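Source file: protein.cif (mmCIF, C-alpha atoms)
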```cif
data_run
loop_
_atom_site.label_atom_id
_atom_site.label_comp_id
_atom_site.auth_asym_id
_atom_site.auth_seq_id
_atom_site.Cartn_x
_atom_site.Cartn_y
_atom_site.Cartn_z
CA SER A 27 0.00 0.00 0.00
CA SER A 28 0.97 3.66 -0.14
CA GLY A 29 1.62 3.63 3.59
CA ASP A 30 4.94 1.80 3.32
CA HIS A 31 6.84 4.44 1.37
CA PRO A 32 10.61 4.29 2.12
CA ASP A 33 10.68 7.95 3.17
CA ALA A 34 8.19 7.34 5.96
CA PRO A 35 9.89 7.17 9.38
CA THR A 36 7.69 7.21 12.45
CA PRO A 37 8.22 10.36 14.54
CA GLN A 38 10.41 9.89 17.62
CA SER A 39 10.41 11.87 20.86
CA SER A 40 14.08 11.52 21.83
CA PRO A 41 15.84 14.84 22.38
CA ALA A 42 18.45 16.06 19.95
CA VAL A 43 22.08 15.89 21.06
CA PRO A 44 23.81 19.28 21.36
CA VAL A 45 26.80 19.71 19.05
CA ASN A 46 29.19 22.68 19.05
CA GLY A 47 27.23 24.33 21.86
CA VAL A 48 23.87 24.34 20.03
CA THR A 49 20.88 22.67 21.73
CA PRO A 50 17.71 22.45 19.60
CA ARG A 51 14.36 23.18 21.27
CA LEU A 52 11.23 21.12 20.61
CA VAL A 53 8.43 23.41 19.40
CA THR A 54 5.56 20.97 18.84
CA THR A 55 4.72 17.37 17.97
CA PHE A 56 2.11 15.81 15.70
CA ASP A 57 -0.22 12.85 16.13
CA LYS A 58 1.22 9.82 14.38
CA GLY A 59 -2.17 8.13 13.92
CA THR A 60 -2.63 4.36 13.81
CA ALA A 61 -0.28 3.67 10.89
CA GLY A 62 2.32 6.40 11.42
CA ALA A 63 2.86 9.92 10.13
CA PHE A 64 5.63 12.04 8.67
CA ALA A 65 6.33 15.78 9.00
CA GLU A 66 8.20 16.41 5.76
CA SER A 67 8.71 20.12 5.09
CA MET A 68 8.44 23.57 6.65
CA ALA A 69 8.07 27.14 5.45
CA VAL A 70 8.02 30.38 7.43
CA ALA A 71 5.54 33.16 6.64
CA ARG A 72 6.49 36.83 6.82
CA ASP A 73 4.96 37.14 10.31
CA GLY A 74 7.18 34.34 11.65
CA THR A 75 4.47 31.68 11.68
CA LEU A 76 5.70 28.21 10.77
CA TYR A 77 3.85 26.02 8.28
CA VAL A 78 4.47 22.26 8.31
CA ALA A 79 3.49 19.53 5.81
CA VAL A 80 2.35 16.38 7.63
CA THR A 81 1.25 13.13 5.98
CA THR A 82 -0.72 10.53 7.95
CA TRP A 83 -0.20 7.03 6.58
CA SER A 84 -2.96 4.60 5.67
CA ALA A 85 -2.49 0.85 5.40
CA THR A 86 -5.47 0.38 3.08
CA SER A 87 -5.92 3.52 0.98
CA TRP A 88 -4.16 6.68 -0.13
CA ASN A 89 -2.51 8.69 2.62
CA THR A 90 -3.83 12.03 3.89
CA GLY A 91 -1.71 15.18 3.86
CA GLN A 92 -2.42 18.26 5.94
CA VAL A 93 -0.58 21.56 6.28
CA TYR A 94 -0.44 22.89 9.85
CA ARG A 95 0.17 26.44 11.00
CA VAL A 96 2.43 26.56 14.09
CA THR A 97 2.89 29.69 16.20
CA PRO A 98 6.24 30.48 17.90
CA ALA A 99 4.60 29.26 21.15
CA GLY A 100 3.91 25.87 19.55
CA ARG A 101 0.14 26.17 19.02
CA ARG A 102 -0.83 24.34 15.83
CA THR A 103 -3.96 24.51 13.70
CA PRO A 104 -4.80 22.97 10.28
CA PHE A 105 -4.34 25.28 7.30
CA GLY A 106 -6.15 24.53 4.07
CA PRO A 107 -7.89 21.28 3.14
CA ALA A 108 -6.64 17.74 3.54
CA ILE A 109 -4.82 16.54 0.39
CA THR A 110 -5.11 12.89 -0.63
CA GLY A 111 -2.14 11.09 -2.20
CA GLY A 112 1.16 9.47 -1.40
CA LEU A 113 2.99 12.25 0.45
CA ILE A 114 2.77 16.02 0.70
CA THR A 115 6.30 17.30 0.33
CA GLY A 116 7.85 20.74 -0.15
CA LEU A 117 6.34 24.05 0.95
CA ALA A 118 7.15 27.53 -0.36
CA PHE A 119 5.54 30.98 -0.11
CA ASP A 120 5.38 33.49 -2.94
CA GLN A 121 5.47 37.27 -2.51
CA THR A 122 1.67 37.51 -2.29
CA GLY A 123 1.35 35.11 0.65
CA HIS A 124 0.20 32.09 -1.34
CA LEU A 125 1.60 28.77 -0.09
CA PHE A 126 2.65 26.09 -2.58
CA VAL A 127 2.49 22.43 -1.55
CA GLY A 128 4.10 19.52 -3.39
CA LEU A 129 2.20 16.24 -3.76
CA ALA A 130 3.98 12.98 -4.54
CA ALA A 131 1.79 10.21 -5.96
CA TRP A 132 2.26 7.18 -8.17
CA GLN A 133 0.28 4.31 -9.66
CA GLU A 134 -0.84 2.12 -6.77
CA PRO A 135 -2.70 -1.15 -7.60
CA GLY A 136 -6.26 -1.08 -6.33
CA LEU A 137 -6.30 2.64 -5.58
CA PRO A 138 -7.73 5.55 -7.62
CA THR A 139 -5.27 7.36 -9.91
CA ILE A 140 -3.82 10.52 -8.40
CA ASN A 141 -1.27 12.53 -10.36
CA PRO A 142 1.79 14.08 -8.70
CA GLY A 143 2.00 17.85 -8.79
CA VAL A 144 1.68 21.06 -6.82
CA PHE A 145 -1.22 22.83 -5.07
CA ARG A 146 -1.47 26.54 -4.26
CA ILE A 147 -3.24 27.55 -1.03
CA ASP A 148 -4.36 31.16 -0.76
CA PRO A 149 -4.19 33.13 2.53
CA ASN A 150 -7.80 32.13 3.26
CA GLY A 151 -7.00 28.43 3.02
CA ARG A 152 -8.51 27.69 -0.40
CA ALA A 153 -6.46 25.17 -2.39
CA THR A 154 -6.08 24.89 -6.18
CA ARG A 155 -3.96 22.46 -8.16
CA VAL A 156 -1.55 24.45 -10.36
CA LEU A 157 0.86 21.79 -11.66
CA THR A 158 0.45 18.19 -12.80
CA LEU A 159 3.56 16.07 -13.44
CA PRO A 160 4.09 12.68 -15.15
CA ASN A 161 2.61 9.65 -13.39
CA GLY A 162 3.80 6.05 -13.34
CA ALA A 163 4.84 3.28 -10.98
CA MET A 164 6.70 4.21 -7.81
CA GLY A 165 10.27 5.02 -8.83
CA THR A 166 9.30 6.13 -12.34
CA ALA A 167 6.62 8.73 -11.61
CA ALA A 168 7.72 12.31 -11.07
CA PHE A 169 8.38 12.87 -7.36
CA PRO A 170 7.91 16.59 -6.60
CA ASN A 171 9.95 17.26 -3.48
CA GLY A 172 11.58 20.57 -2.53
CA LEU A 173 9.97 23.80 -3.75
CA ALA A 174 11.43 27.28 -4.16
CA VAL A 175 10.02 30.57 -5.46
CA HIS A 176 12.23 32.94 -7.43
CA GLY A 177 10.62 36.03 -8.92
CA ARG A 178 7.40 35.08 -10.62
CA TYR A 179 8.29 31.40 -10.93
CA LEU A 180 7.95 28.31 -8.79
CA TYR A 181 10.76 25.76 -9.10
CA VAL A 182 10.03 22.13 -8.25
CA ALA A 183 12.72 19.58 -7.42
CA ASP A 184 11.83 16.20 -8.87
CA SER A 185 13.72 13.43 -7.06
CA VAL A 186 14.00 11.32 -10.22
CA GLY A 187 16.56 13.90 -11.38
CA LYS A 188 14.74 16.91 -12.82
CA ILE A 189 13.62 20.45 -12.03
CA TRP A 190 10.27 21.78 -13.21
CA ARG A 191 9.20 25.41 -13.42
CA THR A 192 5.84 27.19 -13.61
CA ARG A 193 4.45 30.69 -13.06
CA THR A 194 3.33 31.38 -9.49
CA ASP A 195 0.26 33.22 -10.78
CA ALA A 196 -0.92 30.45 -13.12
CA ARG A 197 -4.71 30.56 -13.40
CA ARG A 198 -5.12 27.00 -14.62
CA VAL A 199 -3.41 23.66 -14.15
CA VAL A 200 -0.12 23.47 -16.04
CA THR A 201 1.03 20.10 -17.43
CA PRO A 202 4.54 20.74 -18.78
CA SER A 203 5.85 18.59 -21.60
CA ARG A 204 9.47 18.78 -20.47
CA PRO A 205 11.39 19.84 -17.34
CA TRP A 206 13.26 23.10 -16.91
CA LEU A 207 16.40 21.04 -16.23
CA SER A 208 17.27 17.35 -16.34
CA SER A 209 20.67 15.95 -15.30
CA THR A 210 22.15 12.59 -14.33
CA VAL A 211 23.90 14.43 -11.46
CA LEU A 212 20.47 14.93 -9.89
CA THR A 213 19.27 11.33 -10.16
CA ALA A 214 19.14 8.70 -7.42
CA SER A 215 22.27 6.56 -7.27
CA ALA A 216 21.08 3.98 -4.73
CA GLY A 217 17.45 3.57 -5.72
CA HIS A 218 16.04 6.08 -3.26
CA PHE A 219 16.07 9.82 -3.97
CA GLY A 220 18.04 12.18 -6.12
CA LEU A 221 17.48 15.94 -5.96
CA ASN A 222 15.61 16.83 -2.77
CA GLY A 223 15.56 20.26 -1.11
CA ILE A 224 16.18 23.40 -3.17
CA THR A 225 16.57 27.09 -2.36
CA PHE A 226 17.77 30.32 -3.96
CA ARG A 227 20.47 32.84 -3.14
CA GLY A 228 20.34 35.66 -5.62
CA ASP A 229 19.80 34.25 -9.09
CA VAL A 230 21.39 30.89 -8.26
CA LEU A 231 19.42 27.77 -7.38
CA TYR A 232 21.03 25.43 -4.84
CA GLY A 233 19.94 21.85 -4.21
CA VAL A 234 20.95 18.75 -2.28
CA VAL A 235 21.15 15.30 -3.86
CA TYR A 236 19.98 12.80 -1.25
CA ASP A 237 21.76 9.62 -2.40
CA SER A 238 25.02 11.21 -3.54
CA GLY A 239 25.72 13.62 -0.69
CA LEU A 240 26.00 16.64 -2.98
CA VAL A 241 25.18 20.31 -2.88
CA VAL A 242 24.73 21.56 -6.44
CA ARG A 243 24.25 25.04 -7.85
CA VAL A 244 22.49 26.14 -11.06
CA PRO A 245 22.41 29.82 -12.10
CA VAL A 246 19.27 31.17 -13.74
CA THR A 247 20.18 33.16 -16.84
CA ARG A 248 18.56 36.45 -17.84
CA ARG A 249 16.42 34.50 -20.30
CA GLY A 250 15.22 32.25 -17.47
CA THR A 251 17.06 29.20 -18.75
CA PRO A 252 19.37 27.06 -16.56
CA GLY A 253 23.07 27.89 -16.65
CA PRO A 254 25.82 25.28 -16.14
CA LEU A 255 25.27 22.94 -13.19
CA SER A 256 28.22 22.71 -10.77
CA ILE A 257 28.94 20.90 -7.51
CA MET A 258 29.45 23.14 -4.48
CA ALA A 259 30.06 20.40 -1.90
CA ARG A 260 30.46 16.64 -1.77
CA ASN A 261 30.54 14.97 1.66
CA THR A 262 29.35 11.71 3.23
CA LEU A 263 27.66 13.80 5.96
CA LEU A 264 25.40 15.16 3.22
CA LYS A 265 24.11 11.74 2.20
CA THR A 266 20.36 11.58 2.94
CA ALA A 267 20.26 15.41 2.86
CA ASP A 268 16.70 16.70 2.66
CA GLY A 269 15.78 20.34 3.43
CA ILE A 270 18.01 23.36 2.82
CA THR A 271 17.89 27.12 3.35
CA PHE A 272 20.26 30.08 3.59
CA ASP A 273 20.63 32.31 6.63
CA ALA A 274 21.26 36.06 6.58
CA ILE A 275 25.05 35.71 6.33
CA GLY A 276 25.04 33.34 3.37
CA ARG A 277 25.52 30.11 5.26
CA LEU A 278 23.60 27.10 3.92
CA TRP A 279 21.71 24.98 6.48
CA VAL A 280 20.92 21.35 5.66
CA THR A 281 18.84 18.69 7.39
CA ALA A 282 19.68 15.01 6.89
CA THR A 283 18.91 11.62 8.32
CA ARG A 284 21.85 9.73 9.85
CA SER A 285 22.85 6.65 7.88
CA GLY A 286 19.24 6.24 6.79
CA THR A 287 18.20 5.23 10.31
CA VAL A 288 14.55 5.75 11.23
CA GLY A 289 14.14 8.34 13.97
CA SER A 290 17.60 9.85 13.68
CA GLY A 291 18.75 13.00 11.94
CA ALA A 292 21.25 15.81 11.74
CA LEU A 293 21.47 19.54 11.19
CA LEU A 294 24.45 20.70 9.13
CA THR A 295 25.88 23.88 7.67
CA VAL A 296 27.82 24.37 4.44
CA ASP A 297 29.93 27.48 4.02
CA ARG A 298 30.78 29.24 0.77
CA THR A 299 33.91 27.10 0.29
CA GLY A 300 31.88 23.88 0.52
CA ARG A 301 33.07 22.98 4.04
CA VAL A 302 30.47 20.94 5.95
CA ARG A 303 29.94 21.33 9.72
CA LEU A 304 27.74 19.19 11.98
CA VAL A 305 25.60 21.42 14.21
CA ALA A 306 23.27 18.98 15.99
CA GLU A 307 22.10 15.40 15.67
CA ASN A 308 19.58 12.92 17.01
CA THR A 309 21.02 9.41 17.07
CA SER A 310 18.06 7.53 18.60
#
```

Translate this structure into structure tokens?
Amino acid sequence: SSGDHPDAPTPQSSPAVPVNGVTPRLVTTFDKGTAGAFAESMAVARDGTLYVAVTTWSATSWNTGQVYRVTPAGRRTPFGPAITGGLITGLAFDQTGHLFVGLAAWQEPGLPTINPGVFRIDPNGRATRVLTLPNGAMGTAAFPNGLAVHGRYLYVADSVGKIWRTRTDARRVVTPSRPWLSSTVLTASAGHFGLNGITFRGDVLYGVVYDSGLVVRVPVTRRGTPGPLSIMARNTLLKTADGITFDAIGRLWVTATRSGTVGSGALLTVDRTGRVRLVAENTS
């Protein structure tokens, strides 16, 4: 069933281990349901409110995804409708306050067809599908993962090794015939995931490749086309890298699982020279 997806660890309550003097603080937890659940991505609104994508697994049908709004004090409330499919993935805000939500789905025997793609949720919580991507069996279907907004465009990391692009203000569902970028560097090398989290700094897109332990960079040209792809960092600590973002001083922050172990993870930084530093980890 869709509930046994390999990227579906059950949430753990063990505290993170402080590294280099940094001790993470638990903000909130989510109900794991009867078959497990997975909090996959986060995005922060302009007012500092955190939005989290949570999928609750089902052993007999498609899973249910829900975005939650979390205040700095840890109070959480649902935002937008429940989204049915395999897994809700990346989150990203545009300049008008609309939240984009990735949906991974694939052909599952005995279950209704649901296409992978992206939904847009307006500030009032109304959701509209804006992007539909190629379907297929698990491992061959497009797997929209990390999302990033740059200018008027939404960029979608596809973990089979592609990047898709669409206008943030699209008024109808877009079904692109080809990706914005496709590269073997971005594909999965061990049968799991390739390109995962993405983010922008200036006019350059940065992404992490889950299986290969890479940070890659792709400039966006003035015409909007992808420039040459290059590797910024390669490190075993970056294997199973997932989410990424830049801080105010240009340092790249990366989350990763530890050796693929359920319930364990790490927080890393990558400086401009490609040097990787472990900040905190949970080794439960």

Could you build a table of the residues in stretch 158-249 of chain A lying no more than 12 Å from stretch 297-310 of chain A, giving for each the nearest pair of atoms and their separation in Å rounded to one decimal place, using only C-alpha atoms, ordered by chain and ascending residue number, as JSON lines?
```
{"residue": "A:Arg227", "atom": "CA", "partner": "A:Arg298", "partner_atom": "CA", "distance": 11.6}
{"residue": "A:Tyr232", "atom": "CA", "partner": "A:Arg298", "partner_atom": "CA", "distance": 11.9}
{"residue": "A:Gly239", "atom": "CA", "partner": "A:Val302", "partner_atom": "CA", "distance": 11.0}
{"residue": "A:Leu240", "atom": "CA", "partner": "A:Gly300", "partner_atom": "CA", "distance": 10.0}
{"residue": "A:Val241", "atom": "CA", "partner": "A:Gly300", "partner_atom": "CA", "distance": 8.3}
{"residue": "A:Val242", "atom": "CA", "partner": "A:Gly300", "partner_atom": "CA", "distance": 10.2}
{"residue": "A:Arg243", "atom": "CA", "partner": "A:Gly300", "partner_atom": "CA", "distance": 11.4}
```

Using the chain letters and numbering of this document, enumerate as an NGL selection string the residues selected by the PyMOL selection byres ((chain A and resi 58-62) around 6).
-> :A and (36 or 57 or 63 or 83-84)

Atoms kept (C-alpha atoms) for selection, written as an mmCIF file, in the frame of the given file:
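Output (part-v6.cif):
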```
data_model
loop_
_atom_site.group_PDB
_atom_site.id
_atom_site.type_symbol
_atom_site.label_atom_id
_atom_site.label_comp_id
_atom_site.auth_asym_id
_atom_site.auth_seq_id
_atom_site.Cartn_x
_atom_site.Cartn_y
_atom_site.Cartn_z
ATOM 1 C CA THR A 36 7.690 7.210 12.450
ATOM 2 C CA ASP A 57 -0.220 12.850 16.130
ATOM 3 C CA ALA A 63 2.860 9.920 10.130
ATOM 4 C CA TRP A 83 -0.200 7.030 6.580
ATOM 5 C CA SER A 84 -2.960 4.600 5.670
#
```

Where does stretch 62-91 of chain A meet stretch 107-118 of chain A within 6 Å, residue by residue, with the nearest atom pair and distance in Å to one decimal for each, counting all atoms listed in the file, listed by chain and rising number, as JSON lines?
```
{"residue": "A:Glu66", "atom": "CA", "partner": "A:Thr115", "partner_atom": "CA", "distance": 5.8}
{"residue": "A:Ser67", "atom": "CA", "partner": "A:Gly116", "partner_atom": "CA", "distance": 5.3}
{"residue": "A:Ala69", "atom": "CA", "partner": "A:Leu117", "partner_atom": "CA", "distance": 5.7}
{"residue": "A:Thr81", "atom": "CA", "partner": "A:Leu113", "partner_atom": "CA", "distance": 5.9}
{"residue": "A:Trp88", "atom": "CA", "partner": "A:Gly111", "partner_atom": "CA", "distance": 5.3}
{"residue": "A:Asn89", "atom": "CA", "partner": "A:Gly111", "partner_atom": "CA", "distance": 5.4}
{"residue": "A:Thr90", "atom": "CA", "partner": "A:Thr110", "partner_atom": "CA", "distance": 4.8}
{"residue": "A:Gly91", "atom": "CA", "partner": "A:Ile109", "partner_atom": "CA", "distance": 4.9}
```

Radius query 7 Å about (15.4, 10.9, -8.8), atoms used: all atoms listed in the file, as a PyMOL selection string | chain A and resi 184-187+212-214+219-221

What residues have an atom no more than 9 Å from (7.5, 23.3, 20.3) in the file's own frame, counting all atoms listed in the file, and can you write them as a list in words?
-> Arg51, Leu52, Val53, Thr54, Thr55, Val96, Thr97, Pro98, Ala99, Gly100 and Arg101 of chain A

Which residues come within 6 Å of A:Gly143, counting all atoms listed in the file, excluding same-chain residues fewer than 5 positions away, as JSON, numbers by chain?
-> {"A": [129, 157, 158, 159]}

Output the selection as a compact mmCIF listing (two decimals), in the frame of the given file - C-alpha atoms for each residue.
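Result file follows (out-v2.txt):
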```txt
# COMPACT_ATOMS: atom_id res chain seq x y z
CA LEU A 129 2.20 16.24 -3.76
CA LEU A 157 0.86 21.79 -11.66
CA THR A 158 0.45 18.19 -12.80
CA LEU A 159 3.56 16.07 -13.44
```

Sorted by chain and rising residue number, which residues of stretch 100-209 of chain A lie within 12 Å of stretch 271-286 of chain A, and what are their closest atom pairs and distances in Å to one decimal, counting all atoms listed in the file, as a tab-separated table?
```
residue	atom	partner	partner_atom	distance
A:Ala118	CA	A:Thr271	CA	11.4
A:Gly172	CA	A:Thr271	CA	10.8
A:Leu173	CA	A:Thr271	CA	11.1
A:Ala174	CA	A:Thr271	CA	9.9
```

Could you rebuild stretch 252-263 of chain A with all heavy atoms and give me the result as a compact mmCIF listing (two decimals), in the frame of the given file?
```txt
# COMPACT_ATOMS: atom_id res chain seq x y z
N PRO A 252 18.34 27.49 -17.51
CA PRO A 252 19.37 27.06 -16.56
C PRO A 252 20.78 27.25 -17.10
O PRO A 252 21.05 26.91 -18.26
CB PRO A 252 19.06 25.58 -16.34
CG PRO A 252 18.35 25.14 -17.57
CD PRO A 252 17.58 26.34 -18.05
N GLY A 253 21.66 27.82 -16.29
CA GLY A 253 23.07 27.89 -16.65
C GLY A 253 23.76 26.57 -16.32
O GLY A 253 23.10 25.59 -15.96
N PRO A 254 25.09 26.52 -16.40
CA PRO A 254 25.82 25.28 -16.14
C PRO A 254 25.66 24.81 -14.70
O PRO A 254 25.78 25.59 -13.75
CB PRO A 254 27.28 25.65 -16.43
CG PRO A 254 27.21 26.89 -17.27
CD PRO A 254 25.99 27.61 -16.83
N LEU A 255 25.37 23.54 -14.52
CA LEU A 255 25.27 22.94 -13.19
C LEU A 255 26.68 22.67 -12.66
O LEU A 255 27.55 22.17 -13.38
CB LEU A 255 24.48 21.64 -13.26
CG LEU A 255 24.20 20.88 -11.96
CD1 LEU A 255 22.89 20.09 -12.08
CD2 LEU A 255 25.33 19.93 -11.58
N SER A 256 26.92 23.00 -11.38
CA SER A 256 28.22 22.71 -10.77
C SER A 256 28.00 22.15 -9.37
O SER A 256 26.93 22.32 -8.77
CB SER A 256 29.09 23.98 -10.70
OG SER A 256 28.46 24.98 -9.93
N ILE A 257 29.01 21.49 -8.85
CA ILE A 257 28.94 20.90 -7.51
C ILE A 257 29.65 21.81 -6.52
O ILE A 257 30.83 22.11 -6.67
CB ILE A 257 29.58 19.49 -7.50
CG1 ILE A 257 28.77 18.56 -8.41
CG2 ILE A 257 29.64 18.93 -6.08
CD1 ILE A 257 29.39 17.19 -8.60
N MET A 258 28.91 22.26 -5.50
CA MET A 258 29.45 23.14 -4.48
C MET A 258 30.11 22.36 -3.35
O MET A 258 31.12 22.79 -2.78
CB MET A 258 28.33 24.01 -3.92
CG MET A 258 28.73 24.89 -2.75
SD MET A 258 27.28 25.73 -2.06
CE MET A 258 28.01 26.52 -0.62
N ALA A 259 29.53 21.21 -2.99
CA ALA A 259 30.06 20.40 -1.90
C ALA A 259 29.74 18.94 -2.15
O ALA A 259 28.69 18.60 -2.70
CB ALA A 259 29.49 20.85 -0.56
N ARG A 260 30.67 18.09 -1.70
CA ARG A 260 30.46 16.64 -1.77
C ARG A 260 31.00 16.07 -0.46
O ARG A 260 32.19 16.22 -0.14
CB ARG A 260 31.21 16.02 -2.95
CG ARG A 260 30.97 14.52 -3.14
CD ARG A 260 31.98 13.93 -4.09
NE ARG A 260 32.01 14.60 -5.38
CZ ARG A 260 31.33 14.20 -6.45
NH1 ARG A 260 30.54 13.13 -6.37
NH2 ARG A 260 31.42 14.87 -7.58
N ASN A 261 30.13 15.42 0.34
CA ASN A 261 30.54 14.97 1.66
C ASN A 261 29.61 13.85 2.11
O ASN A 261 28.41 13.91 1.88
CB ASN A 261 30.47 16.14 2.65
CG ASN A 261 31.20 15.87 3.94
OD1 ASN A 261 30.86 14.95 4.67
ND2 ASN A 261 32.21 16.69 4.22
N THR A 262 30.18 12.82 2.76
CA THR A 262 29.35 11.71 3.23
C THR A 262 28.33 12.18 4.27
O THR A 262 27.27 11.57 4.41
CB THR A 262 30.21 10.60 3.84
OG1 THR A 262 31.03 11.15 4.88
CG2 THR A 262 31.10 9.97 2.78
N LEU A 263 28.63 13.27 5.00
CA LEU A 263 27.66 13.80 5.96
C LEU A 263 26.40 14.31 5.26
O LEU A 263 25.34 14.43 5.88
CB LEU A 263 28.29 14.94 6.76
CG LEU A 263 29.34 14.57 7.81
CD1 LEU A 263 29.97 15.84 8.38
CD2 LEU A 263 28.72 13.73 8.92
```
